[in-house]
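Asks: A single structure is presented below for examination.
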Amino acid sequence: MKNSYKIKVLSVSQEIQTLPNETVLDAVLREGFNYPFSCKAGKCSACKSRLLSGEVDHLTHNRFTLTEEEKAQGLFLACRAIPKTNVEISPLDETKAAVVPARLSMQVAQKEQLSHDTVRLVLKSTDGTTLDFQPGQFAMLKIDGFPQRSYSMTNQPGTNELHFYIRQIPKGLVSDEAVSKIRTGDLVQVDGPYGNSYLETSHTGPILLVAGGSGIGPVRSILDRALAIGMKQPIYLYFGVREMRDVYLREHFRDLEAKHQNFHFQMAVDRGSDEANFYSGRVGDLVTKDWTHFEGEWRAYLAGPPPMVDGISQTLIAKSFDPTWIKSDPFYSSSESSKISNF
(Lines give C-alpha, C1' and ligand atoms only; values in the text may rest on other atoms or scores of the structure.)
Protein backbone atom coordinates (compact mmCIF):
# COMPACT_ATOMS: atom_id res chain seq x y z
CA MET A 1 0.00 0.00 0.00
CA LYS A 2 1.43 3.37 -1.06
CA ASN A 3 2.55 5.59 1.82
CA SER A 4 1.81 2.83 4.31
CA TYR A 5 4.44 1.89 6.88
CA LYS A 6 4.91 -0.37 9.88
CA ILE A 7 4.91 0.87 13.47
CA LYS A 8 6.65 -1.10 16.19
CA VAL A 9 5.74 0.01 19.73
CA LEU A 10 8.50 -1.02 22.10
CA SER A 11 6.17 -2.57 24.70
CA VAL A 12 3.88 -4.28 22.14
CA SER A 13 5.00 -7.35 20.19
CA GLN A 14 2.62 -6.83 17.27
CA GLU A 15 3.63 -4.60 14.35
CA ILE A 16 0.97 -2.13 13.22
CA GLN A 17 0.42 -1.31 9.54
CA THR A 18 -0.56 2.30 8.94
CA LEU A 19 -3.10 3.58 6.47
CA PRO A 20 -2.01 6.33 4.05
CA ASN A 21 -1.55 9.69 5.84
CA GLU A 22 -2.59 8.16 9.17
CA THR A 23 -1.01 9.49 12.35
CA VAL A 24 0.91 7.19 14.64
CA LEU A 25 -1.71 7.55 17.37
CA ASP A 26 -4.66 6.82 15.08
CA ALA A 27 -2.96 3.66 13.80
CA VAL A 28 -2.19 2.37 17.30
CA LEU A 29 -5.70 3.09 18.61
CA ARG A 30 -7.30 1.58 15.49
CA GLU A 31 -5.60 -1.72 16.33
CA GLY A 32 -7.14 -1.67 19.81
CA PHE A 33 -4.07 -0.82 21.87
CA ASN A 34 -4.12 1.74 24.65
CA TYR A 35 -1.71 4.63 24.23
CA PRO A 36 -1.36 7.80 26.31
CA PHE A 37 -3.34 10.64 24.69
CA SER A 38 -5.82 13.37 25.45
CA CYS A 39 -6.50 16.22 23.00
CA LYS A 40 -5.44 14.56 19.71
CA ALA A 41 -4.62 18.04 18.37
CA GLY A 42 -1.06 18.74 19.48
CA LYS A 43 -2.17 20.98 22.32
CA CYS A 44 -1.14 18.80 25.27
CA SER A 45 1.80 16.48 25.91
CA ALA A 46 -0.06 13.31 26.84
CA CYS A 47 1.05 11.39 23.72
CA LYS A 48 4.64 12.68 23.64
CA SER A 49 6.83 9.79 22.52
CA ARG A 50 10.38 8.83 21.63
CA LEU A 51 11.35 7.90 18.06
CA LEU A 52 13.74 4.96 18.38
CA SER A 53 14.19 4.45 14.65
CA GLY A 54 12.76 5.78 11.39
CA GLU A 55 11.35 9.18 10.43
CA VAL A 56 8.06 11.03 10.86
CA ASP A 57 6.47 14.18 9.47
CA HIS A 58 5.49 16.57 12.28
CA LEU A 59 2.08 18.15 11.73
CA THR A 60 1.17 21.53 13.25
CA HIS A 61 1.13 21.60 17.04
CA ASN A 62 1.53 23.94 20.00
CA ARG A 63 5.17 25.07 20.13
CA PHE A 64 5.19 24.79 23.93
CA THR A 65 3.96 21.20 23.78
CA LEU A 66 6.84 20.00 21.59
CA THR A 67 9.86 22.25 21.20
CA GLU A 68 12.40 22.23 18.37
CA GLU A 69 14.99 21.05 20.90
CA GLU A 70 12.80 18.09 21.82
CA LYS A 71 12.35 17.20 18.14
CA ALA A 72 16.14 17.21 17.76
CA GLN A 73 16.31 14.80 20.71
CA GLY A 74 13.99 12.37 18.91
CA LEU A 75 10.70 13.26 20.62
CA PHE A 76 7.40 13.66 18.78
CA LEU A 77 3.65 13.87 19.41
CA ALA A 78 1.97 10.63 18.33
CA CYS A 79 -1.24 12.49 17.47
CA ARG A 80 0.61 14.89 15.14
CA ALA A 81 3.14 12.62 13.46
CA ILE A 82 2.78 10.69 10.19
CA PRO A 83 5.41 8.00 9.49
CA LYS A 84 7.70 8.62 6.51
CA THR A 85 9.37 5.21 6.96
CA ASN A 86 8.88 2.14 9.13
CA VAL A 87 9.28 3.36 12.72
CA GLU A 88 9.94 2.01 16.18
CA ILE A 89 8.57 4.13 18.99
CA SER A 90 7.93 4.27 22.71
CA PRO A 91 5.71 6.57 24.78
CA LEU A 92 7.71 8.40 27.41
CA ASP A 93 6.04 6.11 29.95
CA GLU A 94 6.10 2.84 28.01
CA THR A 95 4.17 0.92 30.69
CA LYS A 96 0.96 2.66 29.56
CA ALA A 97 0.95 1.38 25.98
CA ALA A 98 0.26 -2.32 26.39
CA VAL A 99 -3.07 -2.15 28.24
CA VAL A 100 -6.21 -2.61 26.15
CA PRO A 101 -9.04 -0.33 27.37
CA ALA A 102 -12.06 -2.02 28.93
CA ARG A 103 -15.51 -1.98 27.34
CA LEU A 104 -18.52 -1.89 29.63
CA SER A 105 -22.26 -1.85 29.16
CA MET A 106 -23.73 0.66 31.60
CA GLN A 107 -27.19 1.97 32.39
CA VAL A 108 -28.25 5.54 33.05
CA ALA A 109 -28.93 5.66 36.79
CA GLN A 110 -29.51 9.41 37.10
CA LYS A 111 -29.63 12.61 35.05
CA GLU A 112 -29.48 15.84 37.04
CA GLN A 113 -29.53 19.43 35.79
CA LEU A 114 -26.59 21.31 37.35
CA SER A 115 -26.99 24.62 35.53
CA HIS A 116 -29.01 26.02 32.65
CA ASP A 117 -26.99 23.97 30.12
CA THR A 118 -25.00 21.36 32.08
CA VAL A 119 -26.20 17.99 33.32
CA ARG A 120 -24.67 15.38 35.56
CA LEU A 121 -25.02 11.93 34.01
CA VAL A 122 -24.59 8.94 36.33
CA LEU A 123 -23.95 5.57 34.71
CA LYS A 124 -24.02 2.25 36.55
CA SER A 125 -22.57 -1.01 35.23
CA THR A 126 -25.16 -3.66 34.46
CA ASP A 127 -23.14 -6.50 36.05
CA GLY A 128 -21.39 -4.72 38.93
CA THR A 129 -18.08 -4.37 37.06
CA THR A 130 -15.92 -1.38 38.01
CA LEU A 131 -13.87 0.67 35.56
CA ASP A 132 -10.39 1.15 37.00
CA PHE A 133 -9.36 4.72 36.22
CA GLN A 134 -7.20 7.51 37.59
CA PRO A 135 -8.78 10.82 38.69
CA GLY A 136 -8.54 13.14 35.68
CA GLN A 137 -8.99 10.49 32.98
CA PHE A 138 -11.86 10.19 30.51
CA ALA A 139 -13.93 7.52 28.75
CA MET A 140 -15.55 7.18 25.34
CA LEU A 141 -19.37 7.04 25.55
CA LYS A 142 -21.57 5.53 22.83
CA ILE A 143 -25.28 6.27 23.08
CA ASP A 144 -27.37 4.12 20.73
CA GLY A 145 -27.91 5.85 17.40
CA PHE A 146 -25.31 8.58 17.97
CA PRO A 147 -21.55 8.95 17.37
CA GLN A 148 -19.08 8.07 20.12
CA ARG A 149 -17.85 10.98 22.21
CA SER A 150 -15.44 11.35 25.13
CA TYR A 151 -16.18 12.79 28.57
CA SER A 152 -14.13 12.96 31.75
CA MET A 153 -15.10 11.11 34.91
CA THR A 154 -15.96 13.44 37.79
CA ASN A 155 -16.26 10.91 40.60
CA GLN A 156 -13.77 8.63 42.34
CA PRO A 157 -12.66 5.18 41.13
CA GLY A 158 -13.52 1.98 42.95
CA THR A 159 -17.31 1.85 42.45
CA ASN A 160 -19.58 0.50 39.73
CA GLU A 161 -20.70 4.04 38.84
CA LEU A 162 -19.24 6.69 36.55
CA HIS A 163 -20.29 10.35 36.78
CA PHE A 164 -19.95 12.90 33.97
CA TYR A 165 -20.67 16.64 33.57
CA ILE A 166 -21.97 17.27 30.07
CA ARG A 167 -22.60 20.72 28.68
CA GLN A 168 -25.51 20.63 26.24
CA ILE A 169 -24.11 22.61 23.31
CA PRO A 170 -26.93 24.06 21.15
CA LYS A 171 -27.49 21.80 18.15
CA GLY A 172 -24.82 19.41 19.43
CA LEU A 173 -25.61 15.99 18.03
CA VAL A 174 -24.52 14.12 21.16
CA SER A 175 -24.12 16.70 23.93
CA ASP A 176 -27.56 18.23 23.24
CA GLU A 177 -29.79 15.92 21.21
CA ALA A 178 -28.64 12.58 22.64
CA VAL A 179 -28.43 13.77 26.25
CA SER A 180 -31.86 15.42 25.98
CA LYS A 181 -33.42 12.17 24.84
CA ILE A 182 -31.63 9.75 27.15
CA ARG A 183 -33.64 8.36 30.07
CA THR A 184 -33.01 6.37 33.25
CA GLY A 185 -32.41 2.73 32.35
CA ASP A 186 -31.07 3.42 28.85
CA LEU A 187 -27.88 1.60 27.93
CA VAL A 188 -24.59 3.34 27.16
CA GLN A 189 -21.41 1.66 25.89
CA VAL A 190 -18.33 2.87 27.76
CA ASP A 191 -14.72 2.39 26.57
CA GLY A 192 -11.74 3.45 28.65
CA PRO A 193 -10.03 4.80 30.54
CA TYR A 194 -7.96 7.19 28.45
CA GLY A 195 -5.83 10.27 29.11
CA ASN A 196 -2.58 11.13 30.81
CA SER A 197 -3.67 14.23 32.73
CA TYR A 198 -4.31 12.54 36.06
CA LEU A 199 -3.28 13.05 39.67
CA GLU A 200 0.33 12.28 40.52
CA THR A 201 -0.17 10.91 44.05
CA SER A 202 3.55 10.67 44.84
CA HIS A 203 4.02 14.41 44.36
CA THR A 204 4.53 16.44 47.55
CA GLY A 205 4.87 20.00 46.20
CA PRO A 206 2.13 22.61 45.70
CA ILE A 207 -0.73 21.90 43.28
CA LEU A 208 -2.46 24.38 40.96
CA LEU A 209 -5.86 23.40 39.53
CA VAL A 210 -7.53 25.56 36.87
CA ALA A 211 -10.86 24.67 35.24
CA GLY A 212 -13.07 26.41 32.70
CA GLY A 213 -16.72 25.42 32.37
CA SER A 214 -17.30 21.68 32.59
CA GLY A 215 -13.54 21.24 32.68
CA ILE A 216 -14.31 21.29 36.38
CA GLY A 217 -15.30 17.61 36.02
CA PRO A 218 -11.84 16.01 35.83
CA VAL A 219 -10.40 18.73 38.08
CA ARG A 220 -12.96 17.93 40.77
CA SER A 221 -12.03 14.24 40.55
CA ILE A 222 -8.35 15.15 41.00
CA LEU A 223 -9.07 17.48 43.92
CA ASP A 224 -11.42 15.10 45.74
CA ARG A 225 -8.86 12.31 45.44
CA ALA A 226 -5.95 14.44 46.66
CA LEU A 227 -7.85 15.49 49.78
CA ALA A 228 -9.32 12.03 50.40
CA ILE A 229 -5.89 10.38 50.52
CA GLY A 230 -4.53 13.08 52.81
CA MET A 231 -2.24 15.07 50.51
CA LYS A 232 -1.16 17.95 52.76
CA GLN A 233 0.60 20.34 50.37
CA PRO A 234 -1.08 23.63 49.37
CA ILE A 235 -3.75 23.08 46.72
CA TYR A 236 -5.20 26.04 44.81
CA LEU A 237 -8.34 25.71 42.66
CA TYR A 238 -9.43 28.40 40.18
CA PHE A 239 -12.81 27.77 38.52
CA GLY A 240 -13.92 30.03 35.68
CA VAL A 241 -17.33 30.32 33.98
CA ARG A 242 -18.91 32.73 31.51
CA GLU A 243 -21.70 34.17 33.66
CA MET A 244 -23.51 33.65 36.97
CA ARG A 245 -26.03 31.19 35.56
CA ASP A 246 -23.10 28.87 34.73
CA VAL A 247 -22.01 28.60 38.37
CA TYR A 248 -22.35 25.24 40.10
CA LEU A 249 -20.44 23.21 42.74
CA ARG A 250 -19.50 26.32 44.75
CA GLU A 251 -21.00 24.85 47.94
CA HIS A 252 -18.98 21.66 47.47
CA PHE A 253 -15.71 23.55 47.13
CA ARG A 254 -16.51 25.94 49.96
CA ASP A 255 -17.23 22.99 52.25
CA LEU A 256 -13.88 21.44 51.30
CA GLU A 257 -12.13 24.75 51.92
CA ALA A 258 -13.66 24.90 55.41
CA LYS A 259 -12.56 21.35 56.21
CA HIS A 260 -9.02 21.45 54.75
CA GLN A 261 -6.65 24.26 55.70
CA ASN A 262 -4.36 23.45 52.75
CA PHE A 263 -7.10 23.93 50.13
CA HIS A 264 -7.91 27.35 48.64
CA PHE A 265 -10.78 28.03 46.20
CA GLN A 266 -11.50 31.00 43.94
CA MET A 267 -14.28 31.54 41.39
CA ALA A 268 -14.06 33.79 38.31
CA VAL A 269 -17.09 34.94 36.29
CA ASP A 270 -16.07 36.31 32.90
CA ARG A 271 -19.10 38.56 32.29
CA GLY A 272 -19.37 39.93 35.81
CA SER A 273 -20.38 38.58 39.20
CA ASP A 274 -23.04 39.66 41.67
CA GLU A 275 -21.19 37.95 44.53
CA ALA A 276 -18.57 39.98 46.36
CA ASN A 277 -16.17 37.05 46.77
CA PHE A 278 -16.22 36.11 43.06
CA TYR A 279 -13.70 37.63 40.65
CA SER A 280 -15.25 39.49 37.70
CA GLY A 281 -13.19 38.56 34.66
CA ARG A 282 -11.38 35.66 33.07
CA VAL A 283 -9.97 32.91 35.20
CA GLY A 284 -6.58 33.27 33.50
CA ASP A 285 -6.44 36.92 34.52
CA LEU A 286 -7.17 35.91 38.11
CA VAL A 287 -4.30 33.43 38.10
CA THR A 288 -2.01 36.10 36.63
CA LYS A 289 -3.09 38.58 39.31
CA ASP A 290 -2.49 36.14 42.18
CA TRP A 291 0.89 34.75 41.09
CA THR A 292 3.98 36.61 39.95
CA HIS A 293 6.39 33.68 40.18
CA PHE A 294 6.35 29.95 40.95
CA GLU A 295 9.11 28.44 43.06
CA GLY A 296 9.55 24.81 44.01
CA GLU A 297 8.19 21.62 42.50
CA TRP A 298 4.67 22.62 41.54
CA ARG A 299 2.22 20.55 39.52
CA ALA A 300 -0.55 22.14 37.42
CA TYR A 301 -3.69 20.42 36.14
CA LEU A 302 -5.64 22.44 33.56
CA ALA A 303 -8.94 21.49 31.91
CA GLY A 304 -11.42 23.40 29.77
CA PRO A 305 -11.60 25.29 26.48
CA PRO A 306 -8.37 25.20 24.42
CA PRO A 307 -7.75 28.99 24.41
CA MET A 308 -7.92 29.02 28.21
CA VAL A 309 -5.66 25.99 28.61
CA ASP A 310 -3.15 27.30 26.07
CA GLY A 311 -3.13 30.82 27.48
CA ILE A 312 -2.69 29.73 31.09
CA SER A 313 0.03 27.26 30.11
CA GLN A 314 2.01 30.07 28.48
CA THR A 315 1.42 32.32 31.49
CA LEU A 316 2.72 29.68 33.89
CA ILE A 317 5.82 29.06 31.79
CA ALA A 318 6.51 32.81 31.71
CA LYS A 319 6.31 32.78 35.51
CA SER A 320 9.01 30.06 35.79
CA PHE A 321 6.64 27.08 35.89
CA ASP A 322 8.41 24.01 34.49
CA PRO A 323 6.39 23.04 31.34
CA THR A 324 6.96 19.33 32.04
CA TRP A 325 4.95 19.78 35.24
CA ILE A 326 1.86 21.12 33.47
CA LYS A 327 -0.79 18.50 32.71
CA SER A 328 -3.46 19.84 30.39
CA ASP A 329 -6.80 18.54 29.16
CA PRO A 330 -8.16 20.86 26.44
CA PHE A 331 -11.80 20.14 25.56
CA TYR A 332 -12.07 20.28 21.77
CA SER A 333 -15.23 20.23 19.69
CA SER A 334 -15.94 17.12 17.61
CA SER A 335 -14.91 19.02 14.48
CA GLU A 336 -11.48 19.76 15.97
CA SER A 337 -10.71 16.36 17.46
CA SER A 338 -12.34 13.26 18.86
CA LYS A 339 -12.39 14.91 22.31
CA ILE A 340 -15.77 16.65 22.43
CA SER A 341 -15.90 20.13 23.89
CA ASN A 342 -17.67 20.27 27.25
CA PHE A 343 -17.28 24.03 27.75
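Residues are referred to by chain and number: the chain letter is A, B, ... according to the order shown in the C-alpha coordinates, the number counts from 1 in that chain, and ligands are numbered separately from 1 in the order shown.
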List the spatial neighbours of Leu141 of chain A as a ChimeraX atom specification - criterion: any atom at most 7 Å away, only C-alpha atoms, same-chain residues fewer than 2 positions off excluded.

Replies: /A:139,143,148-150,188-191

Asks: Identify, with DSSP run on backbone atoms, the residues in segment 66-257 of chain A assigned to helix (DSSP H, G or I), and express the list as a ChimeraX atom specification.

Replies: /A:68-72,78-80,94-96,173-181,213-228,244-246,250-257

Asks: Find the spatial neighbours of segment 288-294 of chain A, counting only C-alpha atoms, within a cut-off of 7 Å - ignore same-chain residues fewer than 5 positions away - and output them as number ranges by chain.

Replies: A: 319-321

Asks: Could you pull the residues within 8 Å of Asp246 of chain A, counting only C-alpha atoms, minus those fewer than 6 positions along the same chain, as a ChimeraX atom specification?

Replies: /A:115-117,213

Asks: With N, CA and C atoms kept, could you save the residues just selected as a short mmCIF file (atom, residue, chain, number, x, y, z; two decimals), in the first residue's frame?

Replies:
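See again.cif below for the written result:
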```cif
data_model
loop_
_atom_site.label_atom_id
_atom_site.label_comp_id
_atom_site.auth_asym_id
_atom_site.auth_seq_id
_atom_site.Cartn_x
_atom_site.Cartn_y
_atom_site.Cartn_z
N SER A 115 -26.84 23.21 35.88
CA SER A 115 -26.99 24.62 35.53
C SER A 115 -27.91 24.68 34.33
N HIS A 116 -28.07 25.87 33.76
CA HIS A 116 -29.01 26.02 32.65
C HIS A 116 -28.66 25.14 31.46
N ASP A 117 -27.37 24.76 31.29
CA ASP A 117 -26.99 23.97 30.12
C ASP A 117 -26.06 22.80 30.43
N GLY A 213 -15.48 26.10 32.70
CA GLY A 213 -16.72 25.42 32.37
C GLY A 213 -16.76 24.01 32.92
#
```

Asks: Please provide the set of residues having any atom within 6 Å of Val87 of chain A, restricted to only C-alpha atoms, with same-chain residues fewer than 4 positions apart removed, written as a PyMOL selection string.

Replies: chain A and resi 7+53-54

Asks: Contacts of Asp274 of chain A at 10 Å or less, counting only C-alpha atoms, minus same-chain residues fewer than 6 places along, as a tab-separated table (two decimals) with N, CA and C atoms, in the first residue's frame?

Replies:
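The result, stored in part_35.tsv:
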```tsv
chain	number	residue	atom	x	y	z
A	243	GLU	N	-20.81	33.27	32.94
A	243	GLU	CA	-21.70	34.17	33.66
A	243	GLU	C	-22.29	33.45	34.87
A	244	MET	N	-23.04	34.19	35.70
A	244	MET	CA	-23.51	33.65	36.97
A	244	MET	C	-24.39	32.42	36.80
A	280	SER	N	-14.60	39.14	38.97
A	280	SER	CA	-15.25	39.49	37.70
A	280	SER	C	-14.20	39.58	36.62
```

Asks: When you count only C-alpha atoms, which of these residues is closest to Ser152 of chain A: A:Ile222, A:Asp176, A:Ser202, A:Leu114?

Replies: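 Looking only at the distances to Ser152 of chain A, the closest residue turns out to be A:Ile222.
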
Asks: For atom CA of Met140 of chain A and atom CA of Tyr194 of chain A, quote the distance in Å rounded to one decimal.

Replies: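 Distance between the two atoms: 8.2 Å.
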
Asks: For segment 21-27 of chain A, work out the shell of residues within 9 Å, counting only C-alpha atoms and skipping chain neighbours fewer than 4 positions away, then give it as a VMD selection string.

Replies: chain A and resid 3 to 4 7 16 to 17 31 35 to 37 40 47 56 77 to 83

Asks: Would you mind telling me which residue in A:Leu302, A:Leu256, A:Ile326, A:Leu237 lies nearest to Ser45 of chain A when using only C-alpha atoms?

Replies: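 Comparing A:Leu302, A:Leu256, A:Ile326, A:Leu237 against Ser45 of chain A, the winner is A:Ile326.
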
Asks: From the DSSP assignment of the backbone, select every residue of segment 6-197 of chain A that is strand (DSSP E or B), and format the answer as an NGL selection string.

Replies: :A and (6-9 or 15-17 or 48-53 or 56-58 or 75-77 or 81-83 or 87-91 or 102-113 or 118-125 or 138-143 or 149-153 or 161-167 or 187-194)

Asks: Quick one: pull the distance between atom CA of Leu19 of chain A and atom CA of Thr85 of chain A, Å, one decimal.

Replies: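 About the pair atom CA of Leu19 of chain A and atom CA of Thr85 of chain A: they are 12.6 Å apart.
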
Asks: Could you tell me which of A:Gly136, A:Gly158, A:Gly217, A:Gly281 comes closest to Ser38 of chain A if we count only C-alpha atoms?

Replies: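 Among the listed residues, A:Gly136 lies closest to Ser38 of chain A.
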
Asks: At what distance in Å, to one decimal, does atom CA of Asp144 of chain A lie from atom CA of Leu121 of chain A?

Replies: 15.6 Å
